[in-house]
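Peer 1: Here it is: the structure, laid out below.
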Amino acid sequence: MVSVDHDLEKYKVDGYIPSKTISPKSPESLADLLRIASENRWNVIPFGFGNMMNIGSIPNGYDIALDLNQIPKYIQHNSEDLTVTCSSNTSFGELNLKLQEKQQWLPFDSPLINDQSVGGLLACNLPGSLNACFGYIRDYVIGMKTATPFGQITKSGGTVVKNVTGFDLTRLHIGALGTLGIITEASFKIIPLPERQIYLRIDNENTNALIDLSSLLNSILQSFGVAELLIDSLGVASIYMTCIGTEKVVNEKLLEIKTILFDHEIDLTLNEIAEKEWLNIQDFGWVNEDDFVLGRINCLPTDTIKILQQINRIVADNKKERIDTLTNSKRGVIKYKINPDNIEDTIQIIENIRDKVKKHSGYTVIENSGTFDKNKLNIWGDIPESFPLMRKLKSEFDPVNILNSGRFIGGI
Amino acid sequence: MVNSSLIKELKKIVGDDYVMHHPDELLVFQYDGSTDKALPDVVVFPKSSEDISSIVKIANRYDQYIIPRGAGTGLSGGAVPMYGGIELVLTRMNSILSIDVENRLALVEPGVVNLDLSKYVASMGLFYAPDPSSQISCTIGGNIAENSGGPHCLKYGVTTNHVLACEIVTENGDIIWLGDKFRNVPGYDLLGGFVGSEGMMGIATKIIVNLLPIPQSVKTHLASFATIDQASFAVSSVISSGLIPSAIEMMDKLTIEAVENVVKCGYPDTAGAVLLIELDGSNEEVSEQSKQIMDICNSLECQDISVAASIEERNALWRGRKGALGALGSLAPNYFLVDGVVPRTKLPETLKTISKISEKIDLPIANVFHAGDGNLHPCILFDEQEPGMAEKVLGAGGEILQACVDVGGTLTGEHGVGFEKKEFMYKIFSNSDLDQMLRLKSSFAPNGRLNPGKVFPGGPKCFDMGNYNTFRS
Amino acid sequence: MGIEIKPENTIFTSTQMDIQDLYKCVHCGLCLSSCPTYTVLGKETDSPRGRIAYMKAIYEEKTYLTPRIVSHLDSCLQCRACESVCPSGVPFGRLMEHTKSYIVNKKKYSFFRSVVNKFLYKVVFPKQFILSLLSIGIKVYKALKLNKIRILMPGFMIPLDKMISDTPKEVFRADGSIFYSNPIVKKRSVALLSGCVMPIVQSDTMRATVRVLNKNGCDVFVPESQKCCGALNIHGGDLEGAKSLAKANIDAFIDLDIEAIIVVSGGCGAIMKEYFDLFKNDEEYLEKAIRFSNKVKDISEFLIQISIIKPENNLDYTVTYQDSCHLSNVQKITSPPRQLLEQIEGITIVEMEDNKCCGAAGVYSLFHKEMSSVLASSKMDSVESTRANVVISGNPGCMIQINGEASKRKSPIKVMHLVDILDEAYSYAN
């Protein structure tokens with residue numbers, strides 16, 4: 001039923017190496033394993049494709065790495081119903097390729113999107129740019145199966161697009177980092193592939209002009225696209241954009257954008273870029289060029305630029321650390337990447353940013369801490385008012401605390 | 001039973017005028033829009049979160065159930081106090097507290113009527129998308145409890161897609177915010193679990209919802225087909241063509257006749273089924289898509305397809321749809337409304353099964369439903385004065401739901417499980433599935449004090465099921 | 001389940017309520033937010049659905065008319081806004097009329113209320129000479145300048161004082177006169193219902209009506225034997241009294257060679273169009289009532305039907321139109337008044353956001369001062385937010401109510417009947 005893998009090094013998490021790795025061959029044996037782990041109070045860390053293991057705080061312990069890749073993979077695409085059901089260890093990239101055969105897709109992006117498993121994508125829930133146009137993953141998941149620490153495979157939702165039968169457990173697991181159960185199967189509602197998607201880039205040395213322009217472009221694009229503003233550590237800015245829709249809509253938007261640029265007082269050139277370059281932007285902070293700390297700010301869209309400017313001031317004051325930012329004023333997200341000169345300064349900068357963000361009622365989390373000591377970083381930021389309920393939820397779903405113990409918010 | 005000191009304490013909180021406990025007054029709080037009935041012991045009308053918190057604490061001291069209620073338009077018995085207790089009516093908490101136009105947010109109290117919010121923000125170019133058929137009366141708080149949908153959720157999604165945050169009062173009287181003004185805040189998506197929990201996990205006392213810009217253009221098409229089969233096929237064709245209409249509604253022959261008798265909105269009497277297909281978006285987008293819809297319908301031998309030429313015509317078409325249930329009420333003294341969902345491709349098959357069930361029980365079943373989502377609303381017409389009718393109708397309702405489940409569908413698309421369908425839950429879920437739901441409920445409301453006896457099969461305390469929480473340490 | 005309809009049940013049978021009507025209600029609740037009292041109180045007890053539930057419970061003998069139930073039933077304005085949103089077509093107005101009658105029959109009103117009811121329904125409205133006495137009283141009040149002694153005037157008297165001080169000197173008498181139009185333009189003959197209160201309090205409006213009709217080629221006959229329409233009796237539960245008034249009116253108008261019976265009060269018109277409801281068991285009058293009702297026309301409806309001569313005056317008013325409940329909810333007349341206003345040059349029409357009942361509702365304001373004044377105040381808020389300087393209505397009750405509220409707030413806003421403004425546009429005024 002299970003195979004034991006002795007190549008433990010590759011399952012390392014935050015420097016911890018598991019005592020054992022187990023690869024269940026079916027969801028049922030996965031559930032069984034969880035029950036046994038519960039009975040023995042083993043700390044379990046589920047392992048999909050293993051690309052996002054830097055998320056979260058340091059585990060309380062690490063007895064077993066649960067490799068999910070031996071469970072049979074499947075994709076059931078019901079193209080005429082516009083739904084799809086797949087095993088959680090399916091690659092998201094493969095899933096979308098399969099959907100595209102029938103001119104359909106799931107309109108998400110996320111760091112390393114094509115190298116994430118569906119289950120990992122749901123558990124980590126690191127939305128990329130497209131949710132500004134298409135909404136969040138939580139709006140597309142219509143059903144889910146999970147393996148519980150009680151040894152059962154349980155389901156919620158279903159495979160129909162509209163469903164209020166029973167409580168909504170699917171949303172609880174999205175972004176829960178596998179701390180409430182291990183997702184084994186997910187069903188999505190999907191949408192038709194748009195006629196056209198283009199990718200664009202605008203470069204200019206005048207950073208302030210581009211900051212204003214990025215907001216303007218976002219309002220022009222409406223729900224047909226989104227603009228991300230990248231400011232690198234030298235203060236050089238570029239805008240990356242995508243525009244999605246019918247041939248006609250895309251052409252119209254393109255024309256509108258060109259008109260805006262033409263009327264602008266500074267010279268701006270518009271380059272059409274390859275999808276790959278756009279995906280690189282989505283991978284911001286997740287491709288290992290160097291050691292760095294990646295933080296994410298969520299705030300009200302109208303506060304985004306104000307916060308960005310405060311960060312820019314912090315950057316200006318700080319000569320040593322190199323800081324890149326990626327800002328989306330449409331969805332109220334700023335990602336910042338710090339290449340630290342020394343960790344103490346970096347921590348100081350993060351705390352500074354956190355202070356500013358808090359004044360705008362926003363949140364900051366550290367998405368990826370590279371190889372830095374997480375003990376020194378406040379990964380999840382302040383705990384929310386509803387934290388006692390979260391803790392209760394965890395203790396109901398995973399009473400002896402075996403799943404990803406310690407890695408989630410507030411030490412859950 | 002309640003005693004006089006409980007009444008006295010409640011009156012102290014909300015004032016004498018806002019506590020009702022005389023049997024003659026309680027009479028009108030025993031029903032909602034469904035068929036279930038039960039009397040509360042006392043009815044309270046709080047004005048604030050703090051009122052509710054105090055009331056909940058009193059309920060704990062006196063060991064009383066609490067049953068939250070909005071307008072009482074629900075269709076699954078969600079607001080009916082099956083086991084008595086304190087009915088908490090939220091209609092006085094009906095203020096729209098603030099609107100953030102730029103970020104398109106509204107902060108409202110739970111008693112705000114759904115349509116009132118859309119009316120209020122219309123002048124700002126915004127609207128609130130979930131539009132249950134009862135939107136002229138139902139409240140946002142009730143919508144959250146039931147996770148309500150409506151015709152336009154085909155494009156826009158249901159309540160849970162539009163609620164960003166709620167202040168709730170928990171079972172022990174704590175006031176806590178779930179969610180925030182934007183998505184993706186750190187921690188569990190507790191709000192996602194709360195929306196649709198049918199009043200069993202807490203009472204929403206302040207709500208932040210997302211508003212949408214009013215589309216530039218709207219076009220409503222009326223397509224008539226000779227048979228319901230052809231109409232269902234048209235629905236599939238439209239959906240799989242890559243168009244996302246804002247609504248696709250279907251009405252069968254029986255419904256058309258009833259509607260034309262009462263409302264007279266211009267549905268053709270020769271049709272076996274009609275579709276209302278609505279598009280919205282920018283002018284160009286809508287006119288282009290409208291052509292596509294016309295082409296699709298024409299290629300499928302529709303009898304006729306027309307576009308509402310004015311707002312009046314459009315309203316007339318929708319008046320027919322929204323008044324359909326009432327109009328069916330004119331064909332028979334009673335109706336029993338089912339809320340099953342099937343995958344869209346299974347519509348023709350399921351409709352055939354329903355018509356077989358109709359023949360078998362010798363009662364007419366009308367079909368008027370959200371075809372675009374596969375959300376059926378078969379409506380069994382009967383006269384409850386005929387002996388044995390209640391059992392017959394409930395039995396047929398069960399058979400219809402079984403038929404939906406058999407083709408991969410589910411029990412309820414937008415009305416909620418409530419009291420009405422709780423015994424059907426085993427058709428979909430196993431004990432361990434339900435255990436998981438109970439675990440969610442327990443983390444919010446371990447004592448089962450809030451809206452007892454709903455959703456889960458069995459009695460008011462649903463803890464005797466399964467081997468719940470084996471590993472509690 | 002399984003409610004047995006018991007024809008032998010004595011409850012309601014005295015009032016001949018059609019019990020099937022009660023069971024048309026499927027308690028869906030769509031009526032709730034249309035109901036003014038529910039909107040103010042937020043209580044199911046004071047909602048259309050709740051009131052029907054009470055009627056059912058009484059019919060099914062699950063309760064009896066307790067004082068509390070009476071008060072919830074009685075708080076109904078009978079505005080019938082719920083009827084216009086009811087998808088099941090429940091005739092709520094009719095149910096409520098029978099229920100009120102039942103309350104009266106069961107003697108469930110307080111002693112004071114019963115006496116006042118009797119006085120109003122048996123003495124005041126049916127007997128024109130009592131109303132004449134009232135007009136004398138008004139004259140005395142004005143002559144003595146009692147209103148100048150502001151300091152002595154309690155708050156609730158302000159609206160009344162406003163009504164009195166606005167009352168024209170001369171009464172409009174239903175004395176069998178015929179007002180002829182210019183023989184060159186004459187095309188039609190109509191009869192006019194003079195009503196009970198309007199000829200005294202709003203006699204100028206009555207005269208304006210005659211002028212507007214004359215202008216548009218109608219000879220106007222005002223039969224002498226006509227009586228009060230009986231609407232207030234019906235709403236108050238005095239069905240027998242209403243029947244005898246209805247009979248008198250049917251007799252007064254039925255044999256006239258006229259095209260229409262013109263009514264300038266939304267409330268009167270509504271009830272006159274439903275006279276046949278009163279004669280379900282009286283074949284002779286049922287047939288007559290149907291013929292009579294078919295001839296009844298609200299002034300706006302009639303003027304649009306005959307298409308009026310374009311008014312020559314340019315009036316620089318911003319107006320808002322107050323839909324009288326019984327004109328809009330019962331007679332379903334909402335666009336003709338607006339169409340008429342649009343024909344007057346210079347007028348800007350601004351719609352109110354909320355078109356709920358103003359709280360006048362016949363004699364409602366006498367017995368439910370608090371609710372009535374909350375509604376009046378919210379109506380006035382809606383009026384003021386339109387920034388209109390004139391409120392137009394087609395019902396005297398609404399006019400008196402809004403006028404009273406306006407004077408309470410010392411608002412300069414002018415309240416006019418639709419025919420008053422038409423009359424002014426035809427340059428007859430002053």
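Residue numbers start at 1 in each chain; chains themselves are named A, B, ... in the order of the structure tokens; ligands are numbered from 1 in the order shown.
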Could you please write out, as a list of chain:residue names, every residue of region 2-70 of chain A that DSSP assigns to strand (DSSP E)?
Peer 2: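 Those residues are A:Val2, A:Ser3, A:Val4, A:Asp5, A:Lys20, A:Thr21, A:Ile22, A:Ser23, A:Pro24, A:Val44, A:Ile45, A:Pro46, A:Phe47, A:Ile64, A:Ala65, A:Leu66, A:Asp67.
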Peer 1: Just to be explicit: take each residue in the selection above, keep C-alpha atoms, and write the result as an mmCIF file, in the first residue's frame.
Peer 2:
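Output below, filename result.cif:
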```cif
data_model
loop_
_atom_site.group_PDB
_atom_site.id
_atom_site.type_symbol
_atom_site.label_atom_id
_atom_site.label_comp_id
_atom_site.auth_asym_id
_atom_site.auth_seq_id
_atom_site.Cartn_x
_atom_site.Cartn_y
_atom_site.Cartn_z
ATOM 1 C CA VAL A 2 2.740 2.451 0.777
ATOM 2 C CA SER A 3 6.322 2.758 -0.278
ATOM 3 C CA VAL A 4 9.037 4.085 1.960
ATOM 4 C CA ASP A 5 11.542 6.479 0.453
ATOM 5 C CA LYS A 20 10.556 8.947 7.415
ATOM 6 C CA THR A 21 8.882 9.604 4.127
ATOM 7 C CA ILE A 22 5.820 7.720 3.051
ATOM 8 C CA SER A 23 4.162 7.718 -0.356
ATOM 9 C CA PRO A 24 0.606 6.407 -0.096
ATOM 10 C CA VAL A 44 3.262 15.113 9.282
ATOM 11 C CA ILE A 45 4.127 17.469 6.449
ATOM 12 C CA PRO A 46 2.326 16.835 3.179
ATOM 13 C CA PHE A 47 4.495 17.111 0.138
ATOM 14 C CA ILE A 64 6.903 12.060 8.357
ATOM 15 C CA ALA A 65 7.057 13.581 4.900
ATOM 16 C CA LEU A 66 3.883 12.532 3.140
ATOM 17 C CA ASP A 67 4.686 12.397 -0.553
#
```
Peer 1: Hey, what's within 12 Å of Ser26 (chain A) if we count only C-alpha atoms and toss same-chain stuff fewer than 4 positions away? As a list of chain:residue names, please?
Peer 2: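 In the requested form, the answer reads A:Met1, A:Val2, A:Ser3, A:Ile22, A:Leu30, A:Ala31, A:Asp32, A:Leu33, A:Asp67, A:Leu68, A:Asn69, A:Gln70, A:Ile71, A:Pro72, A:Lys73, A:Ser87, A:Ser88, A:Asn89, A:Ala147, A:Ile153, A:Thr184, A:Glu185.
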Peer 1: Do you know which residues are at most 12 Å from Ala316 (chain A) counting only C-alpha atoms, after dropping those on the same chain fewer than 6 positions away, and could you put them as an MDAnalysis selection string?
Peer 2: chainID A and resid 233:235 309:310 322:324 349
Peer 1: Given only C-alpha atoms as the basis, pick out the residue of C:Gln226, C:Gln16, C:Asn313, C:Thr39 nearest to chain B.
Peer 2: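 Smallest distance to chain B is found for C:Thr39.
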Peer 1: Can you list, as a compact mmCIF listing (two decimals) with N, CA, C and O atoms, in the first residue's frame, every protein, DNA or RNA residue that comes within 9 Å of Met206 (chain C) when you count only C-alpha atoms, leaving out same-chain residues fewer than 2 positions away?
Peer 2:
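The file below, around_15.txt, is the result:
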```
# COMPACT_ATOMS: atom_id res chain seq x y z
N PHE C 172 -68.87 74.02 -2.48
CA PHE C 172 -69.29 73.56 -3.80
C PHE C 172 -70.49 72.64 -3.57
O PHE C 172 -70.39 71.61 -2.89
N SER C 194 -69.36 64.78 -6.32
CA SER C 194 -68.87 65.93 -5.56
C SER C 194 -68.19 65.47 -4.27
O SER C 194 -67.26 66.09 -3.78
N MET C 198 -64.64 67.12 0.19
CA MET C 198 -64.06 68.01 -0.82
C MET C 198 -64.88 69.24 -1.13
O MET C 198 -64.33 70.33 -1.27
N PRO C 199 -66.23 69.12 -1.24
CA PRO C 199 -66.99 70.33 -1.59
C PRO C 199 -66.83 71.44 -0.55
O PRO C 199 -67.08 72.61 -0.84
N GLN C 202 -62.16 71.58 -0.13
CA GLN C 202 -61.46 71.87 -1.39
C GLN C 202 -62.44 72.24 -2.49
O GLN C 202 -62.37 71.75 -3.62
N SER C 203 -63.35 73.13 -2.17
CA SER C 203 -64.38 73.50 -3.14
C SER C 203 -63.76 74.16 -4.37
O SER C 203 -64.27 74.02 -5.47
N ASP C 204 -62.67 74.86 -4.17
CA ASP C 204 -62.01 75.48 -5.33
C ASP C 204 -61.56 74.44 -6.34
O ASP C 204 -61.64 74.64 -7.54
N ALA C 208 -62.49 74.07 -10.17
CA ALA C 208 -61.45 73.94 -11.18
C ALA C 208 -61.72 72.74 -12.08
O ALA C 208 -61.52 72.78 -13.29
N THR C 209 -62.19 71.67 -11.46
CA THR C 209 -62.50 70.46 -12.23
C THR C 209 -63.53 70.76 -13.31
O THR C 209 -63.40 70.36 -14.46
N VAL C 210 -64.56 71.47 -12.88
CA VAL C 210 -65.62 71.82 -13.83
C VAL C 210 -65.03 72.65 -14.98
O VAL C 210 -65.30 72.40 -16.15
N ARG C 211 -64.19 73.61 -14.63
CA ARG C 211 -63.61 74.47 -15.68
C ARG C 211 -62.73 73.67 -16.64
O ARG C 211 -62.82 73.85 -17.85
N VAL C 264 -62.62 63.03 -8.66
CA VAL C 264 -61.34 63.71 -8.50
C VAL C 264 -60.62 63.28 -7.22
O VAL C 264 -59.64 63.87 -6.83
N VAL C 419 -55.93 68.81 -10.92
CA VAL C 419 -56.79 69.71 -11.71
C VAL C 419 -56.50 71.18 -11.41
O VAL C 419 -56.69 72.03 -12.27
N ASP C 420 -56.04 71.47 -10.20
CA ASP C 420 -55.70 72.87 -9.88
C ASP C 420 -54.60 73.37 -10.80
O ASP C 420 -54.66 74.48 -11.32
```
Peer 1: What's around region 367-371 of chain A at 9 Å? Count only C-alpha atoms, leave out sequence neighbours fewer than 6 positions away in its own chain, and write the answer as a list in words.
Peer 2: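 Contacts, with the query itself left out: Asp14, Gly15, Met52, Met53, Asn54, Ile55, Gly56, Leu126, Gly285, Trp286, Asn288, Asp290, Asp291, Phe292, Val293, Leu294, Gly295, Arg296, Leu377, Ile379 and Trp380 of chain A.
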Peer 1: So that I have them on file, write out the residues from the current selection with N, CA, C and O atoms, as a PDB file, in the first residue's frame.
Peer 2:
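The result, written out as result-v5.pdb:
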```pdb
ATOM      1  N   ASP A  14      12.608  23.934   6.120  1.00  0.00           N
ATOM      2  CA  ASP A  14      13.213  24.847   7.089  1.00  0.00           C
ATOM      3  C   ASP A  14      14.373  24.184   7.842  1.00  0.00           C
ATOM      4  O   ASP A  14      14.523  24.364   9.047  1.00  0.00           O
ATOM      5  N   GLY A  15      15.143  23.406   7.146  1.00  0.00           N
ATOM      6  CA  GLY A  15      16.298  22.767   7.763  1.00  0.00           C
ATOM      7  C   GLY A  15      15.974  21.457   8.459  1.00  0.00           C
ATOM      8  O   GLY A  15      16.878  20.721   8.830  1.00  0.00           O
ATOM      9  N   MET A  52       6.897  24.996  -3.017  1.00  0.00           N
ATOM     10  CA  MET A  52       6.453  26.136  -2.218  1.00  0.00           C
ATOM     11  C   MET A  52       6.726  25.896  -0.735  1.00  0.00           C
ATOM     12  O   MET A  52       6.066  26.465   0.113  1.00  0.00           O
ATOM     13  N   MET A  53       7.666  25.003  -0.421  1.00  0.00           N
ATOM     14  CA  MET A  53       7.839  24.606   0.974  1.00  0.00           C
ATOM     15  C   MET A  53       8.378  25.725   1.864  1.00  0.00           C
ATOM     16  O   MET A  53       8.383  25.601   3.089  1.00  0.00           O
ATOM     17  N   ASN A  54       8.790  26.805   1.253  1.00  0.00           N
ATOM     18  CA  ASN A  54       9.296  27.915   2.071  1.00  0.00           C
ATOM     19  C   ASN A  54       8.195  28.719   2.774  1.00  0.00           C
ATOM     20  O   ASN A  54       8.483  29.534   3.635  1.00  0.00           O
ATOM     21  N   ILE A  55       6.971  28.498   2.358  1.00  0.00           N
ATOM     22  CA  ILE A  55       5.861  29.230   2.991  1.00  0.00           C
ATOM     23  C   ILE A  55       5.718  28.802   4.455  1.00  0.00           C
ATOM     24  O   ILE A  55       5.947  27.641   4.794  1.00  0.00           O
ATOM     25  N   GLY A  56       5.299  29.728   5.279  1.00  0.00           N
ATOM     26  CA  GLY A  56       4.936  29.366   6.644  1.00  0.00           C
ATOM     27  C   GLY A  56       6.084  29.463   7.628  1.00  0.00           C
ATOM     28  O   GLY A  56       7.240  29.677   7.255  1.00  0.00           O
ATOM     29  N   LEU A 126      -1.676  31.557  -3.200  1.00  0.00           N
ATOM     30  CA  LEU A 126      -0.932  32.786  -3.426  1.00  0.00           C
ATOM     31  C   LEU A 126      -1.417  33.391  -4.748  1.00  0.00           C
ATOM     32  O   LEU A 126      -0.849  33.112  -5.792  1.00  0.00           O
ATOM     33  N   GLY A 285      10.023  36.777  -6.739  1.00  0.00           N
ATOM     34  CA  GLY A 285      10.347  36.353  -5.381  1.00  0.00           C
ATOM     35  C   GLY A 285      10.335  34.859  -5.184  1.00  0.00           C
ATOM     36  O   GLY A 285      10.501  34.380  -4.067  1.00  0.00           O
ATOM     37  N   TRP A 286      10.098  34.094  -6.253  1.00  0.00           N
ATOM     38  CA  TRP A 286      10.062  32.645  -6.065  1.00  0.00           C
ATOM     39  C   TRP A 286      11.130  31.924  -6.877  1.00  0.00           C
ATOM     40  O   TRP A 286      11.256  30.719  -6.819  1.00  0.00           O
ATOM     41  N   ASN A 288      14.983  31.349  -7.456  1.00  0.00           N
ATOM     42  CA  ASN A 288      16.162  31.540  -6.624  1.00  0.00           C
ATOM     43  C   ASN A 288      17.357  32.095  -7.377  1.00  0.00           C
ATOM     44  O   ASN A 288      18.186  31.365  -7.878  1.00  0.00           O
ATOM     45  N   ASP A 290      19.095  34.413  -5.779  1.00  0.00           N
ATOM     46  CA  ASP A 290      19.897  34.900  -4.681  1.00  0.00           C
ATOM     47  C   ASP A 290      19.128  34.629  -3.402  1.00  0.00           C
ATOM     48  O   ASP A 290      18.012  34.165  -3.442  1.00  0.00           O
ATOM     49  N   ASP A 291      19.692  34.978  -2.308  1.00  0.00           N
ATOM     50  CA  ASP A 291      18.940  34.906  -1.067  1.00  0.00           C
ATOM     51  C   ASP A 291      18.153  36.188  -0.881  1.00  0.00           C
ATOM     52  O   ASP A 291      18.685  37.272  -1.064  1.00  0.00           O
ATOM     53  N   PHE A 292      16.915  36.043  -0.549  1.00  0.00           N
ATOM     54  CA  PHE A 292      16.105  37.241  -0.349  1.00  0.00           C
ATOM     55  C   PHE A 292      14.918  36.902   0.537  1.00  0.00           C
ATOM     56  O   PHE A 292      14.650  35.729   0.825  1.00  0.00           O
ATOM     57  N   VAL A 293      14.231  37.942   0.962  1.00  0.00           N
ATOM     58  CA  VAL A 293      12.995  37.764   1.714  1.00  0.00           C
ATOM     59  C   VAL A 293      11.880  38.391   0.890  1.00  0.00           C
ATOM     60  O   VAL A 293      12.012  39.512   0.413  1.00  0.00           O
ATOM     61  N   LEU A 294      10.809  37.624   0.686  1.00  0.00           N
ATOM     62  CA  LEU A 294       9.680  38.142  -0.089  1.00  0.00           C
ATOM     63  C   LEU A 294       8.500  38.402   0.833  1.00  0.00           C
ATOM     64  O   LEU A 294       8.022  37.489   1.514  1.00  0.00           O
ATOM     65  N   GLY A 295       8.050  39.646   0.841  1.00  0.00           N
ATOM     66  CA  GLY A 295       6.885  39.979   1.651  1.00  0.00           C
ATOM     67  C   GLY A 295       5.714  40.337   0.766  1.00  0.00           C
ATOM     68  O   GLY A 295       5.891  40.761  -0.366  1.00  0.00           O
ATOM     69  N   ARG A 296       4.510  40.136   1.272  1.00  0.00           N
ATOM     70  CA  ARG A 296       3.321  40.525   0.515  1.00  0.00           C
ATOM     71  C   ARG A 296       2.443  41.411   1.392  1.00  0.00           C
ATOM     72  O   ARG A 296       2.214  41.120   2.570  1.00  0.00           O
ATOM     73  N   LEU A 377      12.016  36.316  11.875  1.00  0.00           N
ATOM     74  CA  LEU A 377      11.016  37.046  11.076  1.00  0.00           C
ATOM     75  C   LEU A 377       9.620  36.723  11.597  1.00  0.00           C
ATOM     76  O   LEU A 377       9.318  35.580  11.933  1.00  0.00           O
ATOM     77  N   ILE A 379       6.629  35.820  10.398  1.00  0.00           N
ATOM     78  CA  ILE A 379       6.144  35.377   9.088  1.00  0.00           C
ATOM     79  C   ILE A 379       4.713  35.815   8.797  1.00  0.00           C
ATOM     80  O   ILE A 379       4.411  36.352   7.747  1.00  0.00           O
ATOM     81  N   TRP A 380       3.814  35.572   9.733  1.00  0.00           N
ATOM     82  CA  TRP A 380       2.387  35.801   9.475  1.00  0.00           C
ATOM     83  C   TRP A 380       1.892  37.171   9.929  1.00  0.00           C
ATOM     84  O   TRP A 380       0.739  37.508   9.728  1.00  0.00           O
TER      85      TRP A 380
END
```
Peer 1: Using only C-alpha atoms, pick whichever of A:Leu193, A:Ile142, A:Ile350, A:Ile36 has the shortest atom-to-atom distance to chain B.
Peer 2: A:Leu193
Peer 1: Which distance in Å separates CA of Glu312 (chain C) and CA of Val185 (chain C), to one decimal?
Peer 2: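 Atom-to-atom, CA of Glu312 (chain C) to CA of Val185 (chain C), that is 16.5 Å.
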Peer 1: With a distance threshold of 6 Å and counting only C-alpha atoms, extract the residues of chain C near chain B and express them as a PyMOL selection string.
Peer 2: chain C and resi 2+27-30+32-33+42+50+87-88
Peer 1: Can you list, as a list in words, every protein, DNA or RNA residue that comes within 8 Å of Gly61 (chain A) when you count only C-alpha atoms, leaving out same-chain residues fewer than 5 positions away?
Peer 2: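 Residues meeting the cut-off are Tyr16, Asn43 and Ser405 of chain A.
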Peer 1: Mind dumping the selected residues with N, CA and C atoms as a PDB file, in the first residue's frame?
Peer 2:
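Below you can see result.pdb, which holds the result:
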```pdb
ATOM      1  N   TYR A  16      14.697  21.151   8.643  1.00  0.00           N
ATOM      2  CA  TYR A  16      14.316  19.898   9.293  1.00  0.00           C
ATOM      3  C   TYR A  16      14.277  18.781   8.267  1.00  0.00           C
ATOM      4  N   ASN A  43       4.291  14.168  13.726  1.00  0.00           N
ATOM      5  CA  ASN A  43       4.124  15.389  12.936  1.00  0.00           C
ATOM      6  C   ASN A  43       4.288  15.078  11.458  1.00  0.00           C
ATOM      7  N   SER A 405       2.137  21.033  11.703  1.00  0.00           N
ATOM      8  CA  SER A 405       2.064  21.657  13.025  1.00  0.00           C
ATOM      9  C   SER A 405       3.062  22.818  13.173  1.00  0.00           C
TER      10      SER A 405
END
```
Peer 1: Using only C-alpha atoms, determine which residues lie at most 9 Å from region 141-155 of chain B, disregarding the query and same-chain residues fewer than 4 positions distant; provide the list as an MDAnalysis selection string.
Peer 2: (chainID A and resid 161:162 164) or (chainID B and resid 68:74 78:79 90 109:114 129:135 159:160 163 194:200 203:207 244:249 278 369:370 372:373 413:418)
